[in-house]
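A.B. asks: Got a structure for you, written out below as structure tokens; questions coming shortly.
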Amino acid sequence: MKVTVVGAGAVGASCAEYIAIKDFADEIVVVDIKEGFAEGKAMDLMQTASLNGFDSTITGVTNDYAATAGSDVAVITSGIPRKPGMTREELITTNANIVETVAKNLIANSPDVIIIVVSNPMDTMTYLAAKATGLPKNRIIGMGGALDSARFKYRLAEALGCPQSDVSGMVIGGHSDVGMVPLIEKATRNSVPVSEFLTEEQKSSIVEATKVGGATLTKLLGTSAWYAPGAAVSELVKAIALDSKKMFPCSALLEGEYGLSDLCIGVPVVLGKNGIEKIVEIELSEDEKAKLHTSAEGVKKTNGLLDVKA
């Protein structure tokens with residue numbers, strides 16, 4: 001298993017670190033446009049191998065996509081991060097050019113690669129990658145839902161006063177402060193609906209805190225978060241590498257599923273060696289359906305700012 005991570009910033013470096021620590025990839029290549037930056041990050045990470053007990057080889061290169069040849073999975077984190085007060089959508093002009101160029105460079109060197117998109121606005125960048133490359137829909141995956149769901153479970157456990165391992169919950173919809181749809185009525189604590197333990201006010205507070213989870217961190221840090229995004233990516237890559245058939249909410253290109261078409265948005269998918277093995281259509285309440293379709297309208301509006309041809 002060879003994995004490429006494009007972008008050696010905080011998110012990209014965290015992706016490489018968590019993938020290495022989980023020790024399922026033979027080789028990890030980190031690419032960046034800044035001279036020596038990826039090389040330095042890779043060397044620093046390799047010097048933790050004996051301390052963290054992994055055998056993966058990490059190399060860094062400056063804008064050399066030939067070094068990525070034969071990658072099974074590639075993660076695109078490159079682009080400018082959010083600053084306090086910025087929406088993910090405000091990044092579109094700069095990041096669209098970067099993501100399209102990167103995706104095409106990756107495919108030129110690894111024709112069979114599965115691409116995971118992290119760059120924001122994530123759903124629109126995933127759609128761009130799908131349209132610009134023409135790859136089959138199973139090989140283009142947007143990371144957002146896995147991260148949003150982790151933030152959802154953090155808030156659930158916080159309110160319940162229990163370990164996060166005791167809770168289960170999922171966020172679908174667009175990866176934006178207004179587009180996320182935390183499925184609070186389907187969330188459980190050890191198989192018991194959280195409604196058994198939480199008031200309506202508490203549930204509403206959890207949903208809202210989840211939706212602004214990224215913005216909250218951006219305000220505190222002065223830039224986008226990186227530990228949880230990196231960990232979320234590593235779990236997606238691991239599911240593909242090990243062909244585990246695990247289900248995650250990911251941004252996927254829809255062609256009629258959930259009554260939606262011609263956009264990428266967060267829905268449950270099964271991940272395995274072929275990337276998205278299956279889009280899972282779960283039963284949603286009328287309220288959940290309405291929120292998902294409203295979220296889709298927002299994603300399509302952002303997609304309309306793109307200049308891409310299939």
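To be explicit about the labels: the chains of the structure tokens are called A, B, and onward in the order shown, and within each one the residues are counted from 1, while ligands get numbers from 1 in the order they are shown.
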Determine which residues of stretch 76-304 of chain A receive a DSSP assignment of strand (DSSP E), computed from the backbone, and state them as a PyMOL selection string.

C.D. replies: chain A and resi 76+114-117+140-142+167-168+171-173+180-182+188-189+192-193+246-255+261-272+275-279

A.B. asks: Considering only C-alpha atoms, return as a VMD selection string whatever protein or nucleic-acid residues lie within 12 Å of A:Tyr65, sequence-local ones (same chain, fewer than 3 positions apart) excluded.

C.D. replies: chain A and resid 4 to 6 29 to 33 60 to 62 68 to 71 74 101 to 110

A.B. asks: I'd like a table as a tab-separated table: residues in stretch 183-253 of chain A with an atom no more than 12 Å from stretch 264-277 of chain A, each row giving the shortest atom pair and its distance in Å to one decimal, only C-alpha atoms counted, sorted by chain and rising residue number.

C.D. replies:
```
residue	atom	partner	partner_atom	distance
A:Leu183	CA	A:Val267	CA	11.4
A:Glu235	CA	A:Leu271	CA	10.2
A:Leu236	CA	A:Leu271	CA	7.4
A:Val237	CA	A:Leu271	CA	8.9
A:Lys238	CA	A:Gly272	CA	9.0
A:Ala239	CA	A:Gly272	CA	5.8
A:Ile240	CA	A:Gly272	CA	4.3
A:Ala241	CA	A:Lys273	CA	6.2
A:Leu242	CA	A:Lys273	CA	7.1
A:Asp243	CA	A:Gly272	CA	4.0
A:Ser244	CA	A:Gly272	CA	5.6
A:Lys245	CA	A:Gly272	CA	4.9
A:Lys246	CA	A:Val270	CA	5.5
A:Met247	CA	A:Val270	CA	4.3
A:Phe248	CA	A:Pro268	CA	5.5
A:Pro249	CA	A:Pro268	CA	4.0
A:Cys250	CA	A:Gly266	CA	4.8
A:Ser251	CA	A:Gly266	CA	4.0
A:Ala252	CA	A:Cys264	CA	4.8
A:Leu253	CA	A:Cys264	CA	4.3
```

A.B. asks: Any chance you can output those residues with N, CA and C atoms as a PDB file, in the first residue's frame?

C.D. replies:
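Contents of result-v2.pdb, freshly written:
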```pdb
ATOM      1  N   LEU A 183     -27.553  13.596  12.809  1.00  0.00           N
ATOM      2  CA  LEU A 183     -28.739  12.752  12.975  1.00  0.00           C
ATOM      3  C   LEU A 183     -28.943  12.452  14.460  1.00  0.00           C
ATOM      4  N   GLU A 235      -8.432   7.067   9.062  1.00  0.00           N
ATOM      5  CA  GLU A 235      -9.415   5.989   9.188  1.00  0.00           C
ATOM      6  C   GLU A 235     -10.010   5.613   7.831  1.00  0.00           C
ATOM      7  N   LEU A 236     -10.231   6.615   6.980  1.00  0.00           N
ATOM      8  CA  LEU A 236     -10.747   6.327   5.640  1.00  0.00           C
ATOM      9  C   LEU A 236      -9.716   5.547   4.830  1.00  0.00           C
ATOM     10  N   VAL A 237      -8.459   6.000   4.885  1.00  0.00           N
ATOM     11  CA  VAL A 237      -7.394   5.318   4.144  1.00  0.00           C
ATOM     12  C   VAL A 237      -7.220   3.894   4.662  1.00  0.00           C
ATOM     13  N   LYS A 238      -7.283   3.736   5.955  1.00  0.00           N
ATOM     14  CA  LYS A 238      -7.138   2.402   6.557  1.00  0.00           C
ATOM     15  C   LYS A 238      -8.253   1.459   6.090  1.00  0.00           C
ATOM     16  N   ALA A 239      -9.480   1.958   6.024  1.00  0.00           N
ATOM     17  CA  ALA A 239     -10.606   1.125   5.584  1.00  0.00           C
ATOM     18  C   ALA A 239     -10.413   0.654   4.153  1.00  0.00           C
ATOM     19  N   ILE A 240      -9.830   1.529   3.321  1.00  0.00           N
ATOM     20  CA  ILE A 240      -9.547   1.151   1.932  1.00  0.00           C
ATOM     21  C   ILE A 240      -8.390   0.155   1.886  1.00  0.00           C
ATOM     22  N   ALA A 241      -7.323   0.451   2.624  1.00  0.00           N
ATOM     23  CA  ALA A 241      -6.123  -0.392   2.609  1.00  0.00           C
ATOM     24  C   ALA A 241      -6.415  -1.810   3.086  1.00  0.00           C
ATOM     25  N   LEU A 242      -7.245  -1.924   4.119  1.00  0.00           N
ATOM     26  CA  LEU A 242      -7.534  -3.230   4.707  1.00  0.00           C
ATOM     27  C   LEU A 242      -8.800  -3.867   4.150  1.00  0.00           C
ATOM     28  N   ASP A 243      -9.448  -3.160   3.188  1.00  0.00           N
ATOM     29  CA  ASP A 243     -10.686  -3.666   2.589  1.00  0.00           C
ATOM     30  C   ASP A 243     -11.680  -4.057   3.680  1.00  0.00           C
ATOM     31  N   SER A 244     -11.833  -3.162   4.656  1.00  0.00           N
ATOM     32  CA  SER A 244     -12.581  -3.510   5.865  1.00  0.00           C
ATOM     33  C   SER A 244     -14.093  -3.423   5.724  1.00  0.00           C
ATOM     34  N   LYS A 245     -14.580  -2.769   4.665  1.00  0.00           N
ATOM     35  CA  LYS A 245     -16.029  -2.611   4.439  1.00  0.00           C
ATOM     36  C   LYS A 245     -16.691  -1.859   5.601  1.00  0.00           C
ATOM     37  N   LYS A 246     -15.972  -0.896   6.173  1.00  0.00           N
ATOM     38  CA  LYS A 246     -16.541  -0.081   7.234  1.00  0.00           C
ATOM     39  C   LYS A 246     -17.404   1.026   6.634  1.00  0.00           C
ATOM     40  N   MET A 247     -18.411   1.443   7.391  1.00  0.00           N
ATOM     41  CA  MET A 247     -19.303   2.502   6.922  1.00  0.00           C
ATOM     42  C   MET A 247     -18.934   3.836   7.564  1.00  0.00           C
ATOM     43  N   PHE A 248     -18.793   4.840   6.720  1.00  0.00           N
ATOM     44  CA  PHE A 248     -18.524   6.210   7.160  1.00  0.00           C
ATOM     45  C   PHE A 248     -19.441   7.148   6.376  1.00  0.00           C
ATOM     46  N   PRO A 249     -19.798   8.293   6.942  1.00  0.00           N
ATOM     47  CA  PRO A 249     -20.418   9.327   6.114  1.00  0.00           C
ATOM     48  C   PRO A 249     -19.315  10.062   5.358  1.00  0.00           C
ATOM     49  N   CYS A 250     -19.388  10.050   4.041  1.00  0.00           N
ATOM     50  CA  CYS A 250     -18.395  10.712   3.193  1.00  0.00           C
ATOM     51  C   CYS A 250     -19.110  11.467   2.090  1.00  0.00           C
ATOM     52  N   SER A 251     -18.435  12.456   1.537  1.00  0.00           N
ATOM     53  CA  SER A 251     -18.984  13.171   0.392  1.00  0.00           C
ATOM     54  C   SER A 251     -18.792  12.308  -0.849  1.00  0.00           C
ATOM     55  N   ALA A 252     -19.899  11.971  -1.488  1.00  0.00           N
ATOM     56  CA  ALA A 252     -19.876  11.087  -2.655  1.00  0.00           C
ATOM     57  C   ALA A 252     -20.713  11.707  -3.764  1.00  0.00           C
ATOM     58  N   LEU A 253     -20.373  11.379  -4.998  1.00  0.00           N
ATOM     59  CA  LEU A 253     -21.137  11.861  -6.149  1.00  0.00           C
ATOM     60  C   LEU A 253     -22.452  11.079  -6.220  1.00  0.00           C
TER      61      LEU A 253
END
```

A.B. asks: Counting only C-alpha atoms, which residues of stretch 70-161 of chain A fall within 8 Å of stretch 198-213 of chain A, and what is the closest atom pair for each with its distance in Å at one decimal, ordered by chain and rising number, as CSV?

C.D. replies:
```
residue,atom,partner,partner_atom,distance
A:Asp148,CA,A:Thr210,CA,7.0
A:Arg151,CA,A:Thr210,CA,6.0
A:Phe152,CA,A:Thr210,CA,5.3
A:Arg155,CA,A:Ile206,CA,5.8
A:Leu156,CA,A:Ile206,CA,6.6
A:Ala159,CA,A:Gln202,CA,7.4
A:Leu160,CA,A:Leu198,CA,7.5
```

A.B. asks: Taking only C-alpha atoms into account, which of A:Asp44, A:Glu100, A:Asp112, A:Glu281 comes nearest A:Tyr127?

C.D. replies: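 The closest residue to A:Tyr127 is A:Glu100.
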
A.B. asks: Please return as a PyMOL selection string: the residues of stretch 20-137 of chain A that backbone DSSP assigns to helix (DSSP H, G or I).

C.D. replies: chain A and resi 20-22+37-46+49-52+65-68+88-109+122-133+137

A.B. asks: Could you pull the residues within 10 Å of A:Ala150, counting only C-alpha atoms, minus those fewer than 5 positions along the same chain, as an NGL selection string?

C.D. replies: :A and (145 or 155-156 or 164 or 168-171 or 210 or 228-229 or 231-232)

A.B. asks: For the residues in the current selection, export C-alpha atoms as a compact mmCIF listing (two decimals), in the first residue's frame.

C.D. replies:
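Okay, this is what ended up in selection04.txt:
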```txt
# COMPACT_ATOMS: atom_id res chain seq x y z
CA GLY A 145 -18.61 13.58 7.22
CA ARG A 155 -20.33 16.66 21.91
CA LEU A 156 -22.65 13.73 22.65
CA GLN A 164 -16.82 8.54 23.47
CA SER A 168 -22.62 6.28 18.15
CA GLY A 169 -23.74 9.08 15.86
CA MET A 170 -23.52 10.30 12.29
CA VAL A 171 -23.52 13.61 10.45
CA THR A 210 -21.42 20.20 16.07
CA ALA A 228 -9.05 15.47 14.11
CA PRO A 229 -9.00 16.02 10.32
CA ALA A 231 -7.21 11.21 12.22
CA ALA A 232 -10.42 11.15 10.15
```

A.B. asks: In Å, rounded to a single decimal, give me how far atom CA of A:Phe24 is from atom CA of A:Met1.

C.D. replies: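 Taking atom CA of A:Met1 and atom CA of A:Phe24, their separation equals 7.6 Å.
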